[in-house]
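K.L.:
Please see the structure below; I have some questions.
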Amino acid sequence: MTEGAFTELRLDGVGRRFAGKDALVDLDLTIRAGEFIALLGPSGCGKSTALNCLAGLLPLTAGSIWQQGPDGERRIDTLPPEKRGFGMVFQSYALFPHMSVRRNISFGLQMRRLARAEVARRTTEAIRLVQLEEHADKLPGQLSGGQQQRVAIARAVVLEPSLVLMDEPLSNLDAKLRLEMRSEIRRLHQSLGLTTVYVTHDQEEALSLADRLVVLRQGRVQQIGTSEELHTRPANWHVADFMGFRNIVEVDATHVDGTDVVVQGEGLRLRGTATAPTAVGDRVVAAVRPEDVLVGAGTDGADGPNATPATVEVVGYQGRELAVEVRTAAGRALHLRTEQRLAPGDAVTLTVDPERLLVYPLAAGEHVPAPLVAAVP
Ligand SMILES: Nc1ncnc2c1ncn2[C@@H]1O[C@H](COP(=O)(O)OP(=O)(O)OP(=O)(O)O)[C@@H](O)[C@H]1O
Ligand SMILES: [Mg+2]
């Protein structure tokens, strides 16, 4: 059995303060054995802090961590890192530069004083898993970034840890390698039956890798859910903003009929779907993904739902699709994606399915920051 094997790991009100400032507040999370969990959020939101608390590299200032195993539950946040049996992969690979790939990977096993044959067998197997057979005798300096990253991963998983913790392990790699390593990590997770907690600020990476995502903002959990849940139903407008709802507009609710609402502001009048109880007169946030803003008339009548005239301003090529920025007559910039060959200056009519236009409450005194686009002179 794997060292420190567990059926469940439970974080109970975990918090960490630095010099009187909260970096992580009241994190409740149960990780089931075999799960792939992503911690996701913008820079400074507390992802590394959470991971380091789990690893034992940072003492908690609040809460506790519990491990449910065959012999019942035991508290582990009081244990030093080496007693937890977790493996870490850091953003900087921190390989031993004077040791070959094989020795980098076998080092941890040797430190455990395993029999020589056992060390050799497990090292060879780990090298095969990360497909580094041809490079086993090279030094880290003779490897590409992606190969070094695979050594770092092999070095962690060769110890058969009960939990693998990864902190932005792909951030140093180019776009193509990132994609390759992404599938590699998922493949290893599956074939080795690992439990993985993975930190990233890249929502696409998190969505494609994880069984469940934990979205953090300013040290607090905003939402825990599957990729599908986060993609279609962000819990609040901050999560929506982070999850790719690039059109975020502060407006007023002018009609409310259950979850069916009409909002108005910035020269727009739109029908949408309320995500929380809403009353006429409420200041709210309308959120739409670029791919849900359609060009041209829709199916319900000549103009389609939420028909809004606009002018194309910026067109970016993104493979089959174009990423397009348009501006309404009232001067509001909006983002959309389309396969239509639009060009700057084109006049278009935008439509949005009211089901795809989500309306979120705005906290008292809270405001949506102005969009990051230059105003037209
Ligand atoms: N050792 C420390 N001393 C003081 N403050 C710290 C320390 N480590 C982290 N912080 C603060 O705690 C907050 C959370 O930091 P953390 O490193 O967890 O963020 P993160 O989500 O990992 O960000 P990034 O994506 O940039 O790595 C930040 O405001 C950070 O400045
Ligand atoms: Mg970090």
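In the structure tokens, the first chain shown is A, the next is B, and so on; residue numbers restart at 1 for each chain, and ligands run from 1 in the order shown.
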Residues within 8 Å of Val157 of chain A, please, as a PyMOL selection string. Count only C-alpha atoms; anything in the same chain fewer than 6 positions from it doesn't count.

P.N.:
chain A and resi 87+126+164

K.L.:
Could you save those same residues with C-alpha atoms as a JSON list (two decimals), in the first residue's frame?

P.N.:
[["chain", "number", "residue", "atom", "x", "y", "z"],
["A", 87, "GLY", "CA", 4.95, 14.48, -3.67],
["A", 126, "ALA", "CA", 9.17, 5.96, -13.97],
["A", 164, "VAL", "CA", 0.76, 14.76, -5.76]]

K.L.:
List the spatial neighbours of segment 39-42 of chain A as a ChimeraX atom specification - criterion: any atom at most 6 Å away, only C-alpha atoms, same-chain residues fewer than 6 positions off excluded.

P.N.:
/A:199-201,214-216

K.L.:
Which residues in segment 124-322 of chain A does DSSP call strand (DSSP E or B)? List them as a PyMOL selection string.

P.N.:
chain A and resi 163-167+196-200+212-217+220-225+247-257+260-265+268-274+283-288+294-295+308-318+321-322

K.L.:
Please, which residues have at least one atom within 6 Å of an atom of ligand 1, using only C-alpha atoms and all ligand atoms, listed as a PDB file with C-alpha atoms, in the first residue's frame?

P.N.:
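Dumped to selection_13.pdb:
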ATOM      1  CA  PHE A  18       0.943  36.734   6.806  1.00  0.00           C
ATOM      2  CA  ALA A  23      -3.768  35.053   2.313  1.00  0.00           C
ATOM      3  CA  PRO A  42      -5.785  35.207 -10.421  1.00  0.00           C
ATOM      4  CA  SER A  43      -2.310  36.039  -9.186  1.00  0.00           C
ATOM      5  CA  GLY A  44      -2.153  36.547  -5.434  1.00  0.00           C
ATOM      6  CA  CYS A  45      -5.488  34.817  -4.694  1.00  0.00           C
ATOM      7  CA  GLY A  46      -3.894  32.260  -2.364  1.00  0.00           C
ATOM      8  CA  LYS A  47      -3.368  29.190  -4.567  1.00  0.00           C
ATOM      9  CA  SER A  48       0.258  28.520  -3.598  1.00  0.00           C
ATOM     10  CA  THR A  49      -0.552  29.307   0.000  1.00  0.00           C
ATOM     11  CA  HIS A 201      -4.135  30.534 -13.126  1.00  0.00           C
TER      12      HIS A 201
END

K.L.:
Which residue, A:Ile224, A:Leu194, A:Ala323, A:Leu170, has the smallest gap to Val239 of chain A when you use only C-alpha atoms?

P.N.:
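Closest candidate: A:Ile224.
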
K.L.:
Let me make sure I understand: among A:Gly316, A:Gly258, A:Gly219, A:Gly265, which one has the smallest atom-to-atom distance to ligand 2 if we use only C-alpha atoms and all ligand atoms?

P.N.:
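Selected residue with least distance to ligand 2: A:Gly219.
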
K.L.:
How far is it from atom CA of Leu29 of chain A to atom CA of Gly63 of chain A, in Å with one decimal?

P.N.:
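So the two atoms, atom CA of Leu29 of chain A and atom CA of Gly63 of chain A, lie 11.6 Å apart.
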
K.L.:
Nearest residue to Met243 of chain A out of A:Val151, A:Ala276, A:Leu207, A:Val293, using only C-alpha atoms?

P.N.:
A:Leu207
